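Engineer: Pasting in a structure now, in structure tokens, and then I'll have a few things to ask.
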Amino acid sequence: MKKLLIFMLLLQTAVLLSGCYDRKELEEQAYVISIGVDMTESEDVFRFTFEIANPEVGSAVSSPSTQEPVQEVVSVLGTDFLSATSAANVSVAKEISLDQVRVVIVSEKLARSKKFIHLMQTAPSIIDLKLNSQLVISKEKAEEFIRTNKPKLESRPHKYFQYMLDRAKETGVIPEAPLVRFFQITEGDADLFLAPFATTKKDPKEEYGAEDNYKAGEVNIKGGNSTQFIGSAVFKEGQMIDILTGEETRFSLMLDTTLPQQDIIANYTDPLRPGFDLAARVQADKVKVKIDYKPTGKTNIDVYVSMHMNIFAVPSTQNYMINSKNRNILHASLQKQLQEEGEKFIKKTQEKYKLEPFYWSLHIRSKFLTIKDYEKADWANKIYPNANVRLHVKVRSLEFGKLLRESDLRKVRD
Amino acid sequence: MELNKKPLRIRELTAMIFMIIGLKGGDTTPALFADHAQNAIWIVPIISFLFLLGPFLILMHLLKKYKNYNLIELIFHLIGKKAGTLLALLLFTCGFIAMFTDMRNVMEEINYLYFPNSPTLVIYVIFLTICILVANKGLETIGSLAWALLPVIIVTIIAVIFVDLKEAVLVRIFPLFGGGVGTVLFEGISKSAAFLEIFLITIAYQSFHQTKYFHSGIYLGGSLSFMLIVSFYAVYAMLFDYNSINNIAFLYQEATEIVALGHFFTNISTLFMVGWMFSNFLRFIIFLYLICWIFGAIFEIKRFEGLLLPIGFIAMILSLIPPSFVVNEMFFRERSLQIMTPIFFLFPFLLWVASYWKDRKK
Amino acid sequence: MFPWQKKKKTEAVAKQKNTKISRSLKENVAYLEEQYLYGTNFDFNSKELRGSTGRYHLFYYSTIIDTKQLNEHIVTPLLETKRDIPVPRIVTLSSLSSVKNMDEVEKGLSAGCVIIFKEGMSEAFEAKIDDFKHRAVEKPENEKTVKGPKESFTESLPVNISIFRKQIPSKDLIVENISIDSRPTMPVSLVYARDLVNEEILENIKKRIKKITASNIRNIEILEQFLEERPASLFPTMLYTERPDNAGNYIMEGYVAIIMENSSSCLIAPITIWSFFHSPEDRYLRWAFGNFSRLVRAIAYFITLFVSATYVAITNYHSQLIPIDLLLAIASSRERVPLPIVFEILLMEVAFELIREAGIRIPSPLGPTIGIVGALILGQAAVEANIVSPIVVIIVALSGLSSFAAANYSINHTLRISRFLFIFAASMYGLLSLLGAILLWVAYVVSINSFGVSYFSPATPSNRSPRDTFFRMILKKEKWRPGFLNPKDWDKQ
């Protein structure tokens, strides 16, 4: 009997004492999926927009039809992420949790201002905000972006971001930009940082360019969600300075050795009938960068890119598959096209930005023994802008999909 | 009834050494090294190990020469009771300080990362109570426990390295000497006392099935730990660049936080906490036990398990004195390590000279 | 037991031992009839035979002897003999032996002997023609295997020993009897291989059996609890098995089996934790198949111990670990549940334990009810009434199902109780306290020993052994007998 009493007492205390401090029930928390940050008039205050997922939408177990909306969007003023979170709790009954934040959206205006880096400096000290969440720059206000973004097919908003970013990354038109990379590059102070560029506002270019020579908003799409992810924002020393098109982004990703290479589908000019384009799947091997550092003269940078191409569509119906002469022409032409475009872009970075977005500063490091020497040599200001960059593109293999030859259209017309 | 006397063998010792030293790859020690060495952080432990190798080999040689003594008995035997007590107390104090500064760091780590709303004291008490309860069961249990839990910890380590290497960029370890050759050398030598446990564990010299097992175990465990520490530090340097690495306090957790396993497991850092937490429990169980053992050996207390509770709680109270984690790590721990290093570097030489003297007299 | 009680008892025993058989038949008959309460004790027979050569008197329990043998081999020859020759030459039973005092007579009577007194002789003869009733050898009920022998022990000592002898036909198989000094005195048989067993372990077991003074130990289930070092411990330190093949395997490795009358199982001592995890079938199946079933079982053990506790710890304290899709799914299913997660889990776990306990106790005609009640009330209605969330039902069902995969009934309890401990620990402080509890639990497991053998060996402390822990080796490669037992002969091949 005594033992039973003691046991009951222990059980009771265990139950009563349990979870005084950090225990939170799941349903008592509101899960933020994306955070938007905008400028305000005053100096240190930002407008934070939290997109909170509604767990009841899209799960079969809860009642048959919920009338609640998919998400709740709350927008508050605050000086940093943490104070904004507590401010948002004024209107949200559940405790706001930043654990599941996937995307941090910053408006272009804020990104271009000097305040941006101060805001970002507060991010790593928050335990909740994971450093692997993605940074996205929106053309319009971030709040507007979040409110207008209405995915049509994904019932859960976080899925939309997840799929969207993945898909865009696969075609190579936006870069991968987790917060941690922002800090690494900004603190390293030797390279340009690229973040995905997105918008919900359409501003379509009339003429049809190559399919990726666009910035966000310029693609002429009818129907569907109005959100577009294409191109990238360029950051120099923690401040946005320019926007790259999708094609330029693709080049910078291809030339970056730290990023995993993905297959890219792109269009190239048909060498035999210049009016036509070829669609090709490009698979680039890891880039090799060789730097011949000369402390006084011009540094030589040799970049070796080798690719495997898979031609899918030849609308001009030229016979590239069987005819080896044609094939050689195509091979040389593709190589040349890639080479020229790449060199053009590298030139642009050297002249316009005076810095590269390829993270090449890593490759010169092995030439120095200490950080001091390395920083003294000054990659960003002295070496790169004056360097002699030579791009060597090599198409290693050329495949032609599953067809043996294109059907002869002249015969069809008969 | 005991069917097998002194059942502990190489594997238990290896596991114990791995826990107590190797797991410094995952605590706040790298942050201490990274402060000046920056991305050359992985060279620092190599220098420390090379620096400590000499004195350590001398100590092992002496233990082998005088077969029947453990660390404290050896000191008493070689330099006499009075001077021996003094030296042993000095070693004890060093170990004690190292233990409680480390413990505070780990507590702050747990508190800050996993239980941010709880007071440190509550977590401290829970942690310490469990440590004392387990340590109370004696060396054989601790050794077996370390071995029994080793699979979990090894799986965690392999998973962490595997996951981190996906994000790591090899060339980030350049420039090779980071903050400068002199800085790296100085860091490695002055803070080599961070690995002082390898000396303290020789108190258990007599507790294994055969003393030759102790030798194999300590070399095996030591080299495994060495490899683990160096590879972990190199991974940190490859993950974070030289400018970020010295801003981050909890490199292990941060390193697991920035990577995601596909879409499904995006926040996997807590998953790696399991092995980490086990290893930290074990580490302080072993450390506390060794410290109490040394204390017991100095004052010839046979049932020194009774000391676990007072020593543990005194350590806790003392460690809570520094006002914050940063002060504790960057000021208190750094200074104390710099003071301890010469002691641990010199005392084996002192014993060697004494032994030489003794032989001469004969 | 208090000292004075003990003294009284030994006096009574001493008196019985001293009573000698007298020359007078009348005296003997009177003594025994008084001792056995003849007349009241209905199956106690006292039968006088007047043959042509002398007067005989027979005593026996009519219920435990073979009456056919009594008539054919004892009564008939005694009555028909014409010459006055000694009883052993008249009674043609191989089991006939002479007894000198009443103590032996009493022992013989309870063992199923017929006692033959002859007028004028100061000795009696006992003829063992016992016919105790017991179950036939049947299939094992609790430790089922698909591949392997299908015999199990039954509640008869001679039958069980005979099965042992069939298993190990060797002169080195020793069946040693020790009596427990209890009331009534019960024999305990130790079965071991003489050329393998470690003497120290054997002596230890014998010493512990001899130390027992409690009365009423009639089967090994009770004996087990008297032999154990830590009766309150969660972990059994002896293996309880009903399979003779399993016991035979253990004996040939150097273990000791303990058997008793009235038990359809045997105890194996000393034991390590791995034995509770192994099933004899693992050895009968081919290497890959056996190890696969071990793997499945290992997963089951881990699930049953940790899944509920981990769920509690992670959902309450570490929600950032849960992938967002799962997180939203759990959160939405919990939106209308009134209980905190810990209570939700505890409620279902307790309900599951109830079904299980009721399932064992329920008379078999009512058995199907349990299924209906369990499935309907707990599975569906509770979810529909928003008392528990469906995910909790899945988790509890999973942990319950896994607990049935345990290879041994004793360890099953250990797992179930530990599971509750872990749930409580997890609710205290999340993973910190859960991992702490696991640490303490494992520390306890590695610290205990069974008859001097570490509970976790051969994993740690290690020894030369077949290394039969999580997985077994290919049988051809098993070179050693378990070294932690320190057997006389280590070499297996």
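In the structure tokens, chains take letters A, B, ... by order of appearance, with residues numbered from 1 within each chain and ligands from 1 in the order shown.
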What residues in chain B have any atom no more than 9 Å from chain A when counting only C-alpha atoms, and can you write them as JSON, numbers by chain?

Structural biologist: {"B": [38, 39, 40, 112, 113, 114, 115, 116, 117, 118, 119, 167, 168, 169, 170, 171, 172, 173, 174, 175, 176, 177, 178, 179, 180, 181, 240, 241, 242, 243, 244, 254, 257, 258, 259, 260, 263, 266, 267]}

Engineer: Which chain C residues are at most 10 Å from chain B (counting only C-alpha atoms), as a CSV table (one decimal) with N, CA and C atoms, in the first residue's frame?

Structural biologist:
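As written to disk, iface_7.csv reads:
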chain,number,residue,atom,x,y,z
C,198,ASN,N,31.2,-25.1,-16.5
C,198,ASN,CA,32.2,-24.5,-15.6
C,198,ASN,C,31.8,-24.8,-14.2
C,200,GLU,N,32.5,-23.6,-11.3
C,200,GLU,CA,32.2,-22.5,-10.5
C,200,GLU,C,30.7,-22.1,-10.6
C,201,ILE,N,30.2,-22.1,-11.9
C,201,ILE,CA,28.8,-21.8,-12.1
C,201,ILE,C,27.9,-22.8,-11.5
C,204,ASN,N,27.8,-22.6,-7.9
C,204,ASN,CA,27.0,-21.4,-7.5
C,204,ASN,C,25.5,-21.7,-7.6
C,314,ILE,N,9.6,14.2,-29.7
C,314,ILE,CA,9.8,15.1,-30.8
C,314,ILE,C,8.6,16.0,-31.0
C,317,TYR,N,8.8,18.7,-28.0
C,317,TYR,CA,10.0,19.5,-27.8
C,317,TYR,C,10.8,19.8,-29.0
C,318,HIS,N,10.7,19.0,-30.0
C,318,HIS,CA,11.6,19.2,-31.2
C,318,HIS,C,10.9,19.2,-32.5
C,319,SER,N,9.8,20.0,-32.5
C,319,SER,CA,9.0,20.0,-33.7
C,319,SER,C,9.7,20.4,-35.0
C,320,GLN,N,10.9,21.1,-34.8
C,320,GLN,CA,11.6,21.5,-36.0
C,320,GLN,C,12.1,20.3,-36.8
C,321,LEU,N,12.2,19.2,-36.1
C,321,LEU,CA,12.8,18.0,-36.8
C,321,LEU,C,11.8,17.4,-37.8
C,322,ILE,N,10.5,17.6,-37.5
C,322,ILE,CA,9.5,16.9,-38.4
C,322,ILE,C,9.5,17.6,-39.7
C,323,PRO,N,9.5,16.9,-40.8
C,323,PRO,CA,9.3,17.5,-42.1
C,323,PRO,C,8.0,18.2,-42.2
C,324,ILE,N,7.9,19.3,-42.9
C,324,ILE,CA,6.8,20.1,-42.8
C,324,ILE,C,5.5,19.5,-43.2
C,325,ASP,N,5.5,18.6,-44.2
C,325,ASP,CA,4.3,17.9,-44.6
C,325,ASP,C,3.7,17.1,-43.5
C,326,LEU,N,4.6,16.3,-42.9
C,326,LEU,CA,4.2,15.5,-41.8
C,326,LEU,C,3.7,16.4,-40.6
C,429,TYR,N,11.5,15.9,-20.4
C,429,TYR,CA,12.3,16.9,-21.0
C,429,TYR,C,12.8,16.6,-22.4
C,430,GLY,N,11.9,16.0,-23.1
C,430,GLY,CA,12.2,15.7,-24.5
C,430,GLY,C,13.4,14.8,-24.7
C,431,LEU,N,14.1,15.0,-25.7
C,431,LEU,CA,15.2,14.1,-26.1
C,431,LEU,C,16.3,14.1,-25.0
C,432,LEU,N,16.5,15.1,-24.3
C,432,LEU,CA,17.5,15.2,-23.2
C,432,LEU,C,17.2,14.1,-22.2
C,433,SER,N,15.9,14.1,-21.7
C,433,SER,CA,15.6,13.2,-20.6
C,433,SER,C,15.4,11.8,-21.2
C,434,LEU,N,14.9,11.7,-22.4
C,434,LEU,CA,14.7,10.4,-23.0
C,434,LEU,C,16.1,9.7,-23.2
C,435,LEU,N,17.0,10.4,-23.8
C,435,LEU,CA,18.4,9.9,-24.0
C,435,LEU,C,19.0,9.5,-22.7
C,436,GLY,N,18.8,10.4,-21.7
C,436,GLY,CA,19.3,10.1,-20.3
C,436,GLY,C,18.7,8.8,-19.8
C,437,ALA,N,17.4,8.6,-20.0
C,437,ALA,CA,16.8,7.4,-19.5
C,437,ALA,C,17.3,6.2,-20.2
C,438,ILE,N,17.5,6.3,-21.5
C,438,ILE,CA,18.1,5.2,-22.3
C,438,ILE,C,19.4,4.9,-21.8
C,439,LEU,N,20.2,5.9,-21.5
C,439,LEU,CA,21.6,5.7,-21.0
C,439,LEU,C,21.6,5.0,-19.7
C,440,LEU,N,20.7,5.4,-18.8
C,440,LEU,CA,20.6,4.7,-17.5
C,440,LEU,C,20.2,3.3,-17.7
C,441,TRP,N,19.2,3.1,-18.6
C,441,TRP,CA,18.7,1.7,-18.9
C,441,TRP,C,19.8,0.8,-19.4
C,442,VAL,N,20.6,1.3,-20.4
C,442,VAL,CA,21.6,0.5,-21.0
C,442,VAL,C,22.7,0.3,-19.9
C,443,ALA,N,23.0,1.4,-19.1
C,443,ALA,CA,24.0,1.2,-18.1
C,443,ALA,C,23.6,0.1,-17.1
C,444,TYR,N,22.3,0.1,-16.8
C,444,TYR,CA,21.9,-1.0,-15.9
C,444,TYR,C,22.0,-2.4,-16.6
C,445,VAL,N,21.7,-2.4,-17.8
C,445,VAL,CA,21.8,-3.7,-18.5
C,445,VAL,C,23.2,-4.2,-18.6
C,446,VAL,N,24.1,-3.4,-18.9
C,446,VAL,CA,25.5,-3.8,-19.0
C,446,VAL,C,26.1,-4.1,-17.6
C,447,SER,N,25.5,-3.5,-16.5
C,447,SER,CA,26.1,-3.7,-15.2
C,447,SER,C,25.7,-5.0,-14.5
C,448,ILE,N,24.5,-5.5,-14.9
C,448,ILE,CA,24.0,-6.7,-14.1
C,448,ILE,C,24.7,-8.0,-14.7
C,449,ASN,N,24.7,-9.0,-13.9
C,449,ASN,CA,25.2,-10.3,-14.4
C,449,ASN,C,24.3,-11.4,-13.9
C,450,SER,N,24.4,-12.5,-14.6
C,450,SER,CA,23.6,-13.6,-14.3
C,450,SER,C,24.6,-14.8,-13.9
C,451,PHE,N,24.6,-15.2,-12.7
C,451,PHE,CA,25.5,-16.2,-12.1
C,451,PHE,C,26.9,-15.9,-12.5
C,452,GLY,N,27.3,-14.6,-12.4
C,452,GLY,CA,28.7,-14.2,-12.6
C,452,GLY,C,29.0,-14.0,-14.0
C,453,VAL,N,28.0,-14.1,-14.9
C,453,VAL,CA,28.3,-13.8,-16.3
C,453,VAL,C,27.7,-12.5,-16.7
C,454,SER,N,28.5,-11.6,-17.3
C,454,SER,CA,28.0,-10.3,-17.6
C,454,SER,C,26.8,-10.4,-18.6
C,456,PHE,N,25.7,-8.6,-20.8
C,456,PHE,CA,25.9,-8.0,-22.2
C,456,PHE,C,26.9,-8.8,-23.0
C,457,SER,N,27.7,-9.7,-22.3
C,457,SER,CA,28.7,-10.4,-23.0
C,457,SER,C,28.0,-11.3,-24.1
C,459,ALA,N,29.3,-9.1,-26.3
C,459,ALA,CA,29.5,-7.8,-26.9
C,459,ALA,C,30.5,-7.1,-26.1
C,460,THR,N,30.2,-6.9,-24.8
C,460,THR,CA,31.1,-6.3,-23.9
C,460,THR,C,30.8,-6.8,-22.5
C,461,PRO,N,31.7,-7.2,-21.6
C,461,PRO,CA,33.1,-7.4,-22.0
C,461,PRO,C,33.2,-8.6,-23.0
C,462,SER,N,34.2,-8.4,-23.8
C,462,SER,CA,34.3,-9.4,-24.9
C,462,SER,C,35.1,-10.6,-24.5
C,463,ASN,N,35.0,-11.6,-25.3
C,463,ASN,CA,35.6,-12.9,-25.0
C,463,ASN,C,35.7,-13.7,-26.3
C,483,GLY,N,32.9,-18.0,-24.4
C,483,GLY,CA,34.0,-17.9,-23.5
C,483,GLY,C,33.6,-17.2,-22.2
C,484,PHE,N,32.5,-16.5,-22.2
C,484,PHE,CA,32.1,-15.8,-21.0
C,484,PHE,C,31.7,-16.8,-19.9
C,485,LEU,N,31.3,-18.0,-20.4
C,485,LEU,CA,30.9,-19.1,-19.4
C,485,LEU,C,32.2,-19.8,-18.9
C,486,ASN,N,33.3,-19.5,-19.5
C,486,ASN,CA,34.6,-20.2,-19.1
C,486,ASN,C,34.4,-21.7,-19.1

Engineer: Name the residues of region 114-278 of chain C that come out as alpha helix (DSSP H) in a backbone DSSP run; write them as a ChimeraX atom specification.

Structural biologist: /C:157-167,199-211,220-227,244-251,273-277

Engineer: Mind listing as a compact mmCIF listing (two decimals) with N, CA and C atoms, in the first residue's frame which residues of chain C are within 12 Å of chain A, counting only C-alpha atoms?

Structural biologist:
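Below is the file that was written, result-v9.txt:
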# COMPACT_ATOMS: atom_id res chain seq x y z
N TYR C 311 8.06 9.72 -30.34
CA TYR C 311 6.97 10.56 -30.85
C TYR C 311 6.66 11.66 -29.84
N VAL C 312 6.54 11.28 -28.58
CA VAL C 312 6.23 12.27 -27.54
C VAL C 312 7.33 13.32 -27.49
N ALA C 313 8.58 12.87 -27.45
CA ALA C 313 9.69 13.82 -27.31
C ALA C 313 9.75 14.76 -28.49
N ILE C 314 9.62 14.23 -29.68
CA ILE C 314 9.81 15.08 -30.85
C ILE C 314 8.65 16.04 -31.05
N THR C 315 7.44 15.54 -30.90
CA THR C 315 6.32 16.45 -31.13
C THR C 315 6.22 17.51 -30.04
N ASN C 316 6.61 17.17 -28.83
CA ASN C 316 6.47 18.16 -27.77
C ASN C 316 7.64 19.13 -27.70
N TYR C 317 8.81 18.65 -28.04
CA TYR C 317 9.98 19.50 -27.79
C TYR C 317 10.79 19.84 -29.03
N HIS C 318 10.74 18.99 -30.02
CA HIS C 318 11.64 19.23 -31.15
C HIS C 318 10.86 19.22 -32.46
N SER C 319 9.84 20.05 -32.53
CA SER C 319 8.99 19.97 -33.71
C SER C 319 9.73 20.40 -34.97
N GLN C 320 10.87 21.07 -34.82
CA GLN C 320 11.57 21.49 -36.03
C GLN C 320 12.14 20.32 -36.79
N LEU C 321 12.24 19.17 -36.13
CA LEU C 321 12.81 18.00 -36.79
C LEU C 321 11.83 17.39 -37.78
N ILE C 322 10.54 17.59 -37.53
CA ILE C 322 9.55 16.92 -38.36
C ILE C 322 9.46 17.62 -39.70
N PRO C 323 9.49 16.86 -40.78
CA PRO C 323 9.32 17.46 -42.10
C PRO C 323 7.98 18.17 -42.17
N ILE C 324 7.94 19.26 -42.89
CA ILE C 324 6.78 20.14 -42.79
C ILE C 324 5.48 19.46 -43.21
N ASP C 325 5.54 18.58 -44.19
CA ASP C 325 4.29 17.93 -44.61
C ASP C 325 3.71 17.09 -43.49
N LEU C 326 4.60 16.32 -42.86
CA LEU C 326 4.16 15.49 -41.76
C LEU C 326 3.71 16.36 -40.60
N LEU C 327 4.43 17.42 -40.38
CA LEU C 327 4.11 18.31 -39.27
C LEU C 327 2.71 18.88 -39.43
N LEU C 328 2.40 19.36 -40.63
CA LEU C 328 1.08 19.93 -40.85
C LEU C 328 0.02 18.84 -40.73
N ALA C 329 0.35 17.64 -41.19
CA ALA C 329 -0.63 16.56 -41.09
C ALA C 329 -0.93 16.24 -39.63
N ILE C 330 0.11 16.17 -38.82
CA ILE C 330 -0.11 15.87 -37.41
C ILE C 330 -0.87 17.01 -36.75
N ALA C 331 -0.43 18.23 -37.05
CA ALA C 331 -1.07 19.38 -36.42
C ALA C 331 -2.54 19.43 -36.77
N SER C 332 -2.87 19.14 -38.03
CA SER C 332 -4.28 19.23 -38.41
C SER C 332 -5.09 18.13 -37.74
N SER C 333 -4.49 16.94 -37.60
CA SER C 333 -5.26 15.87 -36.98
C SER C 333 -5.40 16.10 -35.48
N ARG C 334 -4.53 16.91 -34.93
CA ARG C 334 -4.61 17.16 -33.49
C ARG C 334 -5.45 18.38 -33.16
N GLU C 335 -5.86 19.09 -34.17
CA GLU C 335 -6.58 20.36 -33.96
C GLU C 335 -7.76 20.20 -32.99
N ARG C 336 -8.49 19.11 -33.10
CA ARG C 336 -9.69 18.96 -32.27
C ARG C 336 -9.52 17.97 -31.13
N VAL C 337 -8.32 17.47 -30.96
CA VAL C 337 -8.11 16.49 -29.88
C VAL C 337 -7.92 17.24 -28.56
N PRO C 338 -8.68 16.86 -27.54
CA PRO C 338 -8.61 17.64 -26.31
C PRO C 338 -7.40 17.35 -25.43
N LEU C 339 -6.71 16.21 -25.66
CA LEU C 339 -5.65 15.82 -24.73
C LEU C 339 -4.28 16.24 -25.24
N PRO C 340 -3.37 16.50 -24.30
CA PRO C 340 -1.97 16.69 -24.71
C PRO C 340 -1.43 15.38 -25.29
N ILE C 341 -0.36 15.48 -26.04
CA ILE C 341 0.15 14.30 -26.74
C ILE C 341 0.53 13.17 -25.78
N VAL C 342 1.13 13.52 -24.65
CA VAL C 342 1.54 12.48 -23.71
C VAL C 342 0.36 11.65 -23.25
N PHE C 343 -0.73 12.36 -22.91
CA PHE C 343 -1.89 11.62 -22.41
C PHE C 343 -2.55 10.82 -23.52
N GLU C 344 -2.51 11.39 -24.69
CA GLU C 344 -3.06 10.69 -25.84
C GLU C 344 -2.34 9.34 -26.01
N LEU C 346 -0.45 7.77 -23.78
CA LEU C 346 -0.63 6.91 -22.61
C LEU C 346 -1.99 6.24 -22.64
N VAL C 383 -11.02 7.68 -32.72
CA VAL C 383 -10.59 8.69 -33.68
C VAL C 383 -11.77 9.54 -34.11
N GLU C 384 -12.90 8.85 -34.38
CA GLU C 384 -14.05 9.61 -34.85
C GLU C 384 -14.59 10.53 -33.79
N ASN C 386 -12.80 12.13 -31.88
CA ASN C 386 -11.77 13.13 -31.64
C ASN C 386 -11.12 13.02 -30.27
N SER C 389 -5.78 11.20 -31.99
CA SER C 389 -5.56 11.45 -33.42
C SER C 389 -5.14 10.15 -34.08
N PRO C 390 -5.44 10.01 -35.35
CA PRO C 390 -5.18 8.73 -36.02
C PRO C 390 -3.71 8.33 -35.98
N ILE C 391 -2.82 9.30 -36.00
CA ILE C 391 -1.41 8.97 -36.05
C ILE C 391 -0.98 8.26 -34.76
N PHE C 420 6.93 2.15 -21.09
CA PHE C 420 6.25 3.17 -20.31
C PHE C 420 7.24 4.10 -19.62
N LEU C 421 8.32 3.53 -19.11
CA LEU C 421 9.34 4.37 -18.48
C LEU C 421 9.85 5.40 -19.48
N ILE C 423 8.34 6.56 -22.11
CA ILE C 423 7.35 7.58 -22.43
C ILE C 423 7.34 8.66 -21.36
N PHE C 424 7.40 8.23 -20.11
CA PHE C 424 7.43 9.22 -19.02
C PHE C 424 8.67 10.09 -19.14
N ALA C 425 9.80 9.44 -19.40
CA ALA C 425 11.04 10.20 -19.50
C ALA C 425 10.96 11.21 -20.63
N ALA C 426 10.40 10.77 -21.76
CA ALA C 426 10.33 11.67 -22.92
C ALA C 426 9.45 12.87 -22.61
N SER C 427 8.39 12.65 -21.84
CA SER C 427 7.51 13.77 -21.56
C SER C 427 8.13 14.75 -20.57
N MET C 428 9.14 14.32 -19.85
CA MET C 428 9.76 15.21 -18.87
C MET C 428 10.56 16.32 -19.55
N TYR C 429 11.49 15.91 -20.41
CA TYR C 429 12.33 16.94 -21.00
C TYR C 429 12.78 16.57 -22.41
N GLY C 430 11.90 16.01 -23.14
CA GLY C 430 12.21 15.74 -24.54
C GLY C 430 13.35 14.77 -24.73
N LEU C 431 14.13 15.01 -25.74
CA LEU C 431 15.20 14.08 -26.06
C LEU C 431 16.26 14.05 -24.98
N LEU C 432 16.46 15.15 -24.28
CA LEU C 432 17.47 15.17 -23.22
C LEU C 432 17.17 14.11 -22.18
N SER C 433 15.94 14.13 -21.67
CA SER C 433 15.63 13.17 -20.62
C SER C 433 15.41 11.78 -21.20

Engineer: Near region 339-341 of chain B, within 10 Å and counting only C-alpha atoms, which residues show up once chain neighbours fewer than 6 positions away are dropped, as a count of residues only?

Structural biologist: 18

Engineer: Quote the spacing between CA of His413 (chain C) and CA of Asn249 (chain C) in Å to one decimal place.

Structural biologist: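 These atoms are spaced 24.7 Å apart.
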
Engineer: Contacts of region 308-311 of chain A at 8 Å or less, counting only C-alpha atoms, minus same-chain residues fewer than 4 places along, as a short mmCIF file (atom, residue, chain, number, x, y, z; two decimals) with C-alpha atoms, in the first residue's frame?

Structural biologist:
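Produced file part15.cif, reproduced below:
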data_model
loop_
_atom_site.label_atom_id
_atom_site.label_comp_id
_atom_site.auth_asym_id
_atom_site.auth_seq_id
_atom_site.Cartn_x
_atom_site.Cartn_y
_atom_site.Cartn_z
CA LEU A 278 18.17 23.65 -82.01
CA ALA A 279 16.93 22.40 -78.67
CA ALA A 280 19.59 20.63 -76.66
CA ARG A 281 20.07 19.15 -73.27
CA VAL A 282 23.43 20.20 -71.93
CA GLN A 283 25.27 18.33 -69.29
CA ALA A 284 28.37 20.11 -68.11
CA ASP A 285 31.15 18.37 -66.23
CA VAL A 395 31.72 19.67 -76.42
CA ARG A 396 32.75 16.15 -75.68
CA SER A 397 29.85 14.23 -77.02
CA LEU A 398 26.92 14.90 -79.25
CA GLU A 399 23.85 12.69 -79.06
CA PHE A 400 20.69 12.91 -81.07
CA GLY A 401 17.81 11.62 -78.99
#

Engineer: Name all residues at most 6 Å from Ser189 (chain C) (count only C-alpha atoms; drop same-chain ones fewer than 5 positions away) and give them as a list in words.

Structural biologist: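 Once the adjacent positions are removed, what remains is Glu176, Asn177, Ile258 and Ile259 of chain C.
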